[in-house]
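**Q** I'd like to ask you about the structure that follows.
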Amino acid sequence: MTPVQDARGWLAERVPLNLDQLTHFGNEPVPNHLKRWWFCLGGTPAYLFLVQVVTGILLTFYYVPEPGKAYDSVRYITDEAAYGWFIRGLHKWSANLMIVAVVLHAMRVFFTGAYRKPRELNWVVGSCILGVVLLFGFTGYSLVYEQLSYWGATVAGNITSAVPVMGDFLGAMLRGGERIGDNTLTRFFVLHIGVLPTIITCLLFVHILLIRLIGVTEFHFADEDPEHPQHFPFFPDHLLTEMAIGVVLMIVLTCLVCAFPPGLGERANPLVTPEHIKPEWYFFWAFRWLKLAGLKAAVVTQGLAAVLFAGWPWIDAAIRRRRPDSELSIFVGVVAFLFLLGLTLWEALA
Ligand code: HEM
């Protein structure tokens with residue numbers, strides 16, 4: 001017996017799992033179109049999430065979630081702790097790139113119609129992931145406790161309070177009181193480092209499990225024979241591609257952190273409202289819409305848009321039952337994308 005067989009036998013006696021079945025389950029043949037990055041974009045946010053978990057754990061060694069100390073602890077991390085600026089920069093940039101990657105992945109799924117039967121539920125799971133990723137960004141930015149993040153959180157508190165029926169309750173739950181204060185920071189911290197990571201881990205587990213059980217949508221390109229679809233093994237081929245993408249992402253992240261290291265704005269002052277409140281760029285569209293539509297209308301329309309987004313597979317199916325060749329989803333996707341881009345640019349340039 002070789003030492004590897006010995007070790008396998010030893011493990012099999014103590015953990016009686018069928019390793020061959022498990023290897024088979026994890027080693028699905030992957031369709032050829034996943035060789036193109038646009039089609040295997042799902043691995044990119046997964047990798048960036050790992051970077052965030054590792055750098056996030058390192059940041060919590062020094063971050064202090066108390067209103068009087070939070071800002072100084074971030075300043076300490078940025079200016080004094082060994083490689084603190086680099087770790088904080090990696091955390092910040094990977095968060096931004098993750099949002100870009102998740103949106104691009106959702107767009108790929110949308111524009112290729114890969115959310116259609118039997119993948120509707122996975123689209124809903126993905127929609128929840130998108131919401132959680134945005135919440136990660138919001139709670140993380142608020143932890144810095146600088147002027148803009150403090151007042152951004154104040155606006156978010158007002159938005160939450162404007163939710164019909166449960167608004168007052170939700171606003172009070174989020175803030176832990178009338179105003180952003182000691183309780184709020186503790187809640188944002190617990191959400192950011194405990195609740196949201198747990199939720200996203202569970203959602204990702206279900207997302208990947210459904211992909212593995214149903215398989216990914218098969219696409220065929222002009223140079224392929226649809227009668228004989230080609231596949232390649234997940235291990236080692238696809239895993240090696242994903243790892244190569246990971247190395248490239250690490251180089252990109254390092255360049256971004258060195259070229260644009262993380263800074264720090266003014267310390268939060270609850271008594272002075274800044275002249276221009278601006279959220280992070282990924283909320284520009286929502287903020288501009290808030291200014292245009294007013295608080296109540298913006299909350300209701302954005303809530304409705306979120307429901308339409310998550311329920312799109314069923315809306316699309318209803319449309320295609322009447323008109324099987326309808327490509328209305330492409331039209332709706334393009335219009336929605338241009339609308340959100342327009343709002344984002346408008347807010348960015350204002
Ligand atoms: C951290 C976030 C996410 C991760 C790590 C992730 C991961 C993945 C992976 C690895 C795949 C396999 C194919 C590919 O790589 O494209 C996939 C497919 C899929 N994802 Fe995601 N995903 C995320 C977010 C989302 C979001 C936001 C949506 C939609 C709103 C979504 C909907 C789907 C659907 C419907 C499929 C099946 C596509 C097909 O059959 O071709 N995912 N995801």
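In the structure tokens, the first chain shown is A, the next is B, and so on; residue numbers restart at 1 for each chain, and ligands run from 1 in the order shown.
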Would you list the contacts of region 131-137 of chain A as a list in words, taking every protein, DNA or RNA residue within 7 Å and counting only C-alpha atoms, but skipping same-chain residues closer than 3 positions in sequence?
**A**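 Close residues of region 131-137 of chain A: Ala95, Ile99, Ser127, Cys128, Gly140, Tyr141, His192, Leu196 and Ile200 of chain A.
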**Q** Output N, CA and C atoms for every residue in that selection, as a short mmCIF file (atom, residue, chain, number, x, y, z; two decimals), in the first residue's frame.
**A**
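Produced file result-v4.cif, reproduced below:
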```cif
data_model
loop_
_atom_site.label_atom_id
_atom_site.label_comp_id
_atom_site.auth_asym_id
_atom_site.auth_seq_id
_atom_site.Cartn_x
_atom_site.Cartn_y
_atom_site.Cartn_z
N ALA A 95 -13.86 44.90 -2.66
CA ALA A 95 -15.29 45.12 -2.49
C ALA A 95 -15.86 45.80 -3.73
N ILE A 99 -18.49 44.12 -6.61
CA ILE A 99 -19.77 44.65 -7.06
C ILE A 99 -19.82 44.70 -8.58
N SER A 127 -30.35 37.10 -6.97
CA SER A 127 -30.86 38.45 -6.66
C SER A 127 -30.62 38.77 -5.19
N CYS A 128 -30.84 37.75 -4.32
CA CYS A 128 -30.58 37.96 -2.88
C CYS A 128 -29.09 38.22 -2.66
N GLY A 140 -20.06 48.42 5.45
CA GLY A 140 -18.60 48.56 5.55
C GLY A 140 -18.18 50.02 5.49
N TYR A 141 -18.76 50.76 4.55
CA TYR A 141 -18.42 52.18 4.38
C TYR A 141 -18.81 52.95 5.64
N HIS A 192 -21.96 43.54 9.37
CA HIS A 192 -20.87 43.46 8.38
C HIS A 192 -19.96 42.25 8.59
N LEU A 196 -24.13 39.27 7.66
CA LEU A 196 -24.07 39.23 6.19
C LEU A 196 -23.13 38.13 5.67
N ILE A 200 -24.49 35.31 3.16
CA ILE A 200 -23.95 35.15 1.79
C ILE A 200 -23.32 33.75 1.63
#
```
**Q** Could you name the residues that touch Gly126 (chain A) at 12 Å or less, counting only C-alpha atoms, but leaving out those on the same chain fewer than 6 positions away, as a list in words?
**A**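 These residues fall inside the cut-off: Gly42, Pro45, Val102, Val103, His105, Ala106, Met107, Val109, Phe110, Tyr115, Arg119, Glu120, Val132, Val133, Ile200, Cys202, Leu203, Leu204, Phe205, Val206, His207, Ile208, Leu210, Ile211, Phe309, Ala310 and Gly311 of chain A.
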**Q** Please identify which residues in region 103-183 of chain A DSSP calls alpha helix (DSSP H) from the backbone, and express them as a short mmCIF file (atom, residue, chain, number, x, y, z; two decimals) with N, CA and C atoms, in the first residue's frame.
**A**
```
data_model
loop_
_atom_site.label_atom_id
_atom_site.label_comp_id
_atom_site.auth_asym_id
_atom_site.auth_seq_id
_atom_site.Cartn_x
_atom_site.Cartn_y
_atom_site.Cartn_z
N VAL A 103 -22.38 42.37 -10.84
CA VAL A 103 -23.30 42.99 -11.80
C VAL A 103 -23.05 42.44 -13.21
N LEU A 104 -21.77 42.33 -13.60
CA LEU A 104 -21.46 41.79 -14.94
C LEU A 104 -21.96 40.35 -15.08
N HIS A 105 -21.77 39.56 -14.02
CA HIS A 105 -22.22 38.16 -14.04
C HIS A 105 -23.75 38.11 -14.19
N ALA A 106 -24.45 38.95 -13.40
CA ALA A 106 -25.93 38.97 -13.49
C ALA A 106 -26.35 39.42 -14.90
N MET A 107 -25.60 40.38 -15.48
CA MET A 107 -25.94 40.84 -16.84
C MET A 107 -25.73 39.72 -17.85
N ARG A 108 -24.64 38.98 -17.69
CA ARG A 108 -24.39 37.86 -18.62
C ARG A 108 -25.55 36.85 -18.53
N VAL A 109 -25.94 36.52 -17.30
CA VAL A 109 -27.03 35.56 -17.10
C VAL A 109 -28.31 36.12 -17.73
N PHE A 110 -28.56 37.41 -17.51
CA PHE A 110 -29.79 38.02 -18.01
C PHE A 110 -29.82 38.04 -19.54
N PHE A 111 -28.74 38.57 -20.13
CA PHE A 111 -28.75 38.75 -21.59
C PHE A 111 -28.61 37.45 -22.38
N GLU A 120 -34.98 29.35 -12.56
CA GLU A 120 -35.62 30.55 -11.99
C GLU A 120 -35.23 30.76 -10.53
N LEU A 121 -35.22 29.65 -9.76
CA LEU A 121 -34.93 29.81 -8.33
C LEU A 121 -33.50 30.27 -8.12
N ASN A 122 -32.60 29.83 -8.99
CA ASN A 122 -31.22 30.26 -8.82
C ASN A 122 -31.07 31.75 -9.14
N TRP A 123 -31.90 32.25 -10.04
CA TRP A 123 -31.91 33.69 -10.31
C TRP A 123 -32.36 34.45 -9.05
N VAL A 124 -33.38 33.88 -8.35
CA VAL A 124 -33.85 34.53 -7.12
C VAL A 124 -32.74 34.51 -6.06
N VAL A 125 -32.07 33.35 -5.95
CA VAL A 125 -30.95 33.27 -5.00
C VAL A 125 -29.89 34.31 -5.38
N GLY A 126 -29.59 34.41 -6.68
CA GLY A 126 -28.61 35.41 -7.16
C GLY A 126 -29.05 36.82 -6.83
N SER A 127 -30.35 37.10 -6.97
CA SER A 127 -30.86 38.45 -6.66
C SER A 127 -30.62 38.77 -5.19
N CYS A 128 -30.84 37.75 -4.32
CA CYS A 128 -30.58 37.96 -2.88
C CYS A 128 -29.09 38.22 -2.66
N ILE A 129 -28.24 37.48 -3.39
CA ILE A 129 -26.79 37.70 -3.25
C ILE A 129 -26.44 39.14 -3.63
N LEU A 130 -27.03 39.62 -4.72
CA LEU A 130 -26.76 40.99 -5.17
C LEU A 130 -27.14 41.98 -4.06
N GLY A 131 -28.32 41.78 -3.45
CA GLY A 131 -28.77 42.66 -2.35
C GLY A 131 -27.78 42.61 -1.19
N VAL A 132 -27.34 41.39 -0.84
CA VAL A 132 -26.41 41.26 0.30
C VAL A 132 -25.08 41.94 -0.02
N VAL A 133 -24.61 41.81 -1.26
CA VAL A 133 -23.33 42.43 -1.64
C VAL A 133 -23.43 43.96 -1.48
N LEU A 134 -24.57 44.53 -1.88
CA LEU A 134 -24.75 45.98 -1.73
C LEU A 134 -24.80 46.36 -0.25
N LEU A 135 -25.47 45.52 0.56
CA LEU A 135 -25.52 45.79 2.00
C LEU A 135 -24.13 45.71 2.64
N PHE A 136 -23.32 44.80 2.14
CA PHE A 136 -21.93 44.70 2.61
C PHE A 136 -21.22 46.04 2.39
N GLY A 137 -21.37 46.56 1.16
CA GLY A 137 -20.71 47.83 0.82
C GLY A 137 -21.20 48.94 1.72
N PHE A 138 -22.51 49.02 1.92
CA PHE A 138 -23.08 50.10 2.73
C PHE A 138 -22.61 50.02 4.18
N THR A 139 -22.73 48.83 4.81
CA THR A 139 -22.36 48.72 6.23
C THR A 139 -20.85 48.92 6.40
N GLY A 140 -20.06 48.42 5.45
CA GLY A 140 -18.60 48.56 5.55
C GLY A 140 -18.18 50.02 5.49
N TYR A 141 -18.76 50.76 4.55
CA TYR A 141 -18.42 52.18 4.38
C TYR A 141 -18.81 52.95 5.64
N SER A 142 -19.95 52.59 6.25
CA SER A 142 -20.42 53.31 7.44
C SER A 142 -19.48 53.10 8.64
N LEU A 143 -18.76 51.97 8.65
CA LEU A 143 -17.88 51.68 9.78
C LEU A 143 -16.73 52.68 9.90
N GLN A 147 -17.18 61.87 7.76
CA GLN A 147 -18.37 62.71 7.56
C GLN A 147 -19.34 62.12 6.52
N LEU A 148 -18.78 61.78 5.35
CA LEU A 148 -19.68 61.33 4.27
C LEU A 148 -20.34 60.00 4.61
N SER A 149 -19.58 59.09 5.22
CA SER A 149 -20.19 57.79 5.52
C SER A 149 -21.22 57.94 6.63
N TYR A 150 -20.95 58.83 7.60
CA TYR A 150 -21.91 59.06 8.68
C TYR A 150 -23.23 59.61 8.11
N TRP A 151 -23.12 60.62 7.25
CA TRP A 151 -24.34 61.24 6.73
C TRP A 151 -25.01 60.36 5.68
N GLY A 152 -24.21 59.53 5.02
CA GLY A 152 -24.78 58.54 4.09
C GLY A 152 -25.64 57.55 4.88
N ALA A 153 -25.12 57.15 6.06
CA ALA A 153 -25.88 56.21 6.90
C ALA A 153 -27.14 56.89 7.43
N THR A 154 -27.04 58.20 7.71
CA THR A 154 -28.23 58.93 8.17
C THR A 154 -29.31 58.91 7.09
N VAL A 155 -28.91 59.15 5.83
CA VAL A 155 -29.87 59.11 4.72
C VAL A 155 -30.46 57.71 4.60
N ALA A 156 -29.60 56.70 4.73
CA ALA A 156 -30.09 55.31 4.60
C ALA A 156 -31.09 55.00 5.70
N GLY A 157 -30.85 55.55 6.91
CA GLY A 157 -31.78 55.37 8.02
C GLY A 157 -33.13 55.99 7.68
N ASN A 158 -33.09 57.20 7.08
CA ASN A 158 -34.34 57.87 6.69
C ASN A 158 -35.07 57.06 5.62
N ILE A 159 -34.30 56.51 4.67
CA ILE A 159 -34.91 55.70 3.61
C ILE A 159 -35.61 54.49 4.23
N THR A 160 -34.91 53.84 5.17
CA THR A 160 -35.49 52.65 5.81
C THR A 160 -36.78 53.02 6.54
N SER A 161 -36.76 54.18 7.22
CA SER A 161 -37.96 54.59 7.96
C SER A 161 -39.13 54.90 7.03
N GLY A 167 -41.77 50.68 8.23
CA GLY A 167 -40.64 51.60 8.16
C GLY A 167 -40.09 52.02 9.50
N ASP A 168 -40.99 52.46 10.42
CA ASP A 168 -40.52 52.97 11.72
C ASP A 168 -39.77 51.87 12.48
N PHE A 169 -40.35 50.67 12.43
CA PHE A 169 -39.73 49.55 13.14
C PHE A 169 -38.34 49.24 12.53
N LEU A 170 -38.29 49.16 11.18
CA LEU A 170 -37.03 48.81 10.52
C LEU A 170 -35.96 49.88 10.77
N GLY A 171 -36.39 51.17 10.70
CA GLY A 171 -35.45 52.27 10.93
C GLY A 171 -34.88 52.20 12.33
N ALA A 172 -35.76 51.96 13.31
CA ALA A 172 -35.31 51.88 14.70
C ALA A 172 -34.39 50.67 14.90
N MET A 173 -34.72 49.57 14.22
CA MET A 173 -33.87 48.36 14.31
C MET A 173 -32.48 48.64 13.76
N LEU A 174 -32.44 49.37 12.63
CA LEU A 174 -31.16 49.63 11.97
C LEU A 174 -30.30 50.56 12.82
N ARG A 175 -30.94 51.64 13.31
CA ARG A 175 -30.17 52.66 14.03
C ARG A 175 -29.98 52.32 15.50
N ASP A 182 -23.99 55.10 19.18
CA ASP A 182 -23.26 53.91 19.67
C ASP A 182 -23.90 52.61 19.18
N ASN A 183 -25.26 52.53 19.35
CA ASN A 183 -25.94 51.28 18.98
C ASN A 183 -25.82 51.00 17.49
#
```
**Q** Tell me which protein, DNA and RNA residues are within 9 Å of Leu256 (chain A), counting only C-alpha atoms, leaving out same-chain ones fewer than 3 positions away, and put them as a ChimeraX atom specification.
**A** /A:89-90,93,251-253,259-261
**Q** Counting only C-alpha atoms and all ligand atoms, which of A:Pro313, A:Pro16, A:Pro65, A:Gly176 gets nearest to ligand 1?
**A** A:Pro313
**Q** Return the single residue from A:Gly294, A:Pro197, A:Pro233, A:Gly181 that is closest to ligand 1, with distances computed using only C-alpha atoms and all ligand atoms.
**A**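 Looking at the shortest contact to ligand 1, the residue is A:Pro197.
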**Q** Within 9 Å of Phe235 (chain A), counting only C-alpha atoms, which residues show up once you throw out same-chain ones fewer than 2 positions away? Write them as a list in words, please.
**A**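 Those residues are Gly26, Asn27, Glu28, Pro29, Phe232, Pro233, Asp237, His238, Leu239 and Leu240 of chain A.
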**Q** So that I have them on file, write out the residues from the current selection with C-alpha atoms, as a compact mmCIF listing (two decimals), in the first residue's frame.
**A**
```txt
# COMPACT_ATOMS: atom_id res chain seq x y z
CA GLY A 26 -17.32 17.92 -7.46
CA ASN A 27 -15.79 17.04 -10.80
CA GLU A 28 -18.57 17.87 -13.23
CA PRO A 29 -17.72 18.02 -16.96
CA PHE A 232 -13.84 19.51 -20.47
CA PRO A 233 -13.16 18.34 -16.89
CA ASP A 237 -8.79 22.27 -16.42
CA HIS A 238 -11.47 24.66 -15.21
CA LEU A 239 -9.98 25.02 -11.74
CA LEU A 240 -6.62 25.99 -13.31
```
**Q** Quick one: residues within 10 Å of Phe25 (chain A), only C-alpha atoms, excluding same-chain residues fewer than 6 positions away - as JSON, numbers by chain?
**A** {"A": [19, 212, 213]}
**Q** For the residues selected in the previous step, produce a file with C-alpha atoms as a compact mmCIF listing (two decimals), in the first residue's frame.
**A**
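The resulting file, again-v1.txt, is shown below:
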```txt
# COMPACT_ATOMS: atom_id res chain seq x y z
CA LEU A 19 -14.80 9.81 -1.50
CA ARG A 212 -24.15 21.55 -9.83
CA LEU A 213 -27.53 19.78 -9.66
```
**Q** Mind pulling up the distance from atom 13 (C, counted along the ligand's line) of ligand 1 to CA of Arg323 (chain A)?
**A** 27.9 Å
**Q** Counting only C-alpha atoms and all ligand atoms, figure out which residue out of A:Ala350, A:Leu292, A:Leu341, A:Leu34 gets nearest to ligand 1.
**A**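 With only C-alpha atoms and all ligand atoms as the atom set, the closest residue is A:Leu34.
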**Q** Counting only C-alpha atoms, which residue out of A:Ala318, A:Thr78, A:Pro236, A:Glu347 sits closest to Trp289 (chain A)?
**A**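 Under the stated criterion, the closest residue is A:Glu347.
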**Q** Between A:Cys255, A:His91, A:Arg116, A:Trp85, which is the closest to Ser329 (chain A) once you count only C-alpha atoms?
**A** A:Arg116
**Q** Calculate how many Å separate CA of Gly43 (chain A) from atom 12 (C, counted along the ligand's line) of ligand 1, rounding to one decimal.
**A** 7.1 Å
**Q** Using Å and a single decimal, report how far atom 7 (C, counted along the ligand's line) of ligand 1 sits from CA of Gly215 (chain A).
**A** 12.4 Å
**Q** If you count only C-alpha atoms, which residues fall within 10 Å of Ile245 (chain A), apart from same-chain ones fewer than 2 positions away, as a ChimeraX atom specification?
**A** /A:37,41,43-44,47,239-243,247-251
**Q** Generate a file of the selected residues that holds C-alpha atoms, formatted as an mmCIF file, in the first residue's frame.
**A**
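Saved result, part-v5.cif, follows:
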```cif
data_model
loop_
_atom_site.group_PDB
_atom_site.id
_atom_site.type_symbol
_atom_site.label_atom_id
_atom_site.label_comp_id
_atom_site.auth_asym_id
_atom_site.auth_seq_id
_atom_site.Cartn_x
_atom_site.Cartn_y
_atom_site.Cartn_z
ATOM 1 C CA TRP A 37 -14.365 34.590 -19.245
ATOM 2 C CA LEU A 41 -17.715 35.224 -14.596
ATOM 3 C CA GLY A 43 -15.844 32.513 -10.270
ATOM 4 C CA THR A 44 -14.554 36.107 -10.181
ATOM 5 C CA TYR A 47 -12.490 34.784 -5.581
ATOM 6 C CA LEU A 239 -9.977 25.022 -11.739
ATOM 7 C CA LEU A 240 -6.620 25.988 -13.308
ATOM 8 C CA THR A 241 -8.339 28.623 -15.480
ATOM 9 C CA GLU A 242 -10.089 30.033 -12.388
ATOM 10 C CA MET A 243 -6.765 30.054 -10.509
ATOM 11 C CA VAL A 247 -3.581 35.484 -10.056
ATOM 12 C CA VAL A 248 -4.460 38.162 -12.627
ATOM 13 C CA LEU A 249 -7.021 39.638 -10.197
ATOM 14 C CA MET A 250 -4.403 39.725 -7.421
ATOM 15 C CA ILE A 251 -2.023 41.638 -9.725
#
```
**Q** Out of A:Val335, A:Leu271, A:Val257, A:Ile214, which residue has the shortest atom-to-atom distance to Ile87 (chain A) when counting only C-alpha atoms?
**A**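 Ranking A:Val335, A:Leu271, A:Val257, A:Ile214 by distance to Ile87 (chain A), first place goes to A:Val257.
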**Q** Among region 16-148 of chain A, which ones does DSSP assign to strand (DSSP E or B) (computed from the backbone)? Answer as a list in words.
**A**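 Everything in region 16-148 of chain A that counts as strand (DSSP E or B) is Pro29, Val30, Pro31 and Glu146 of chain A.
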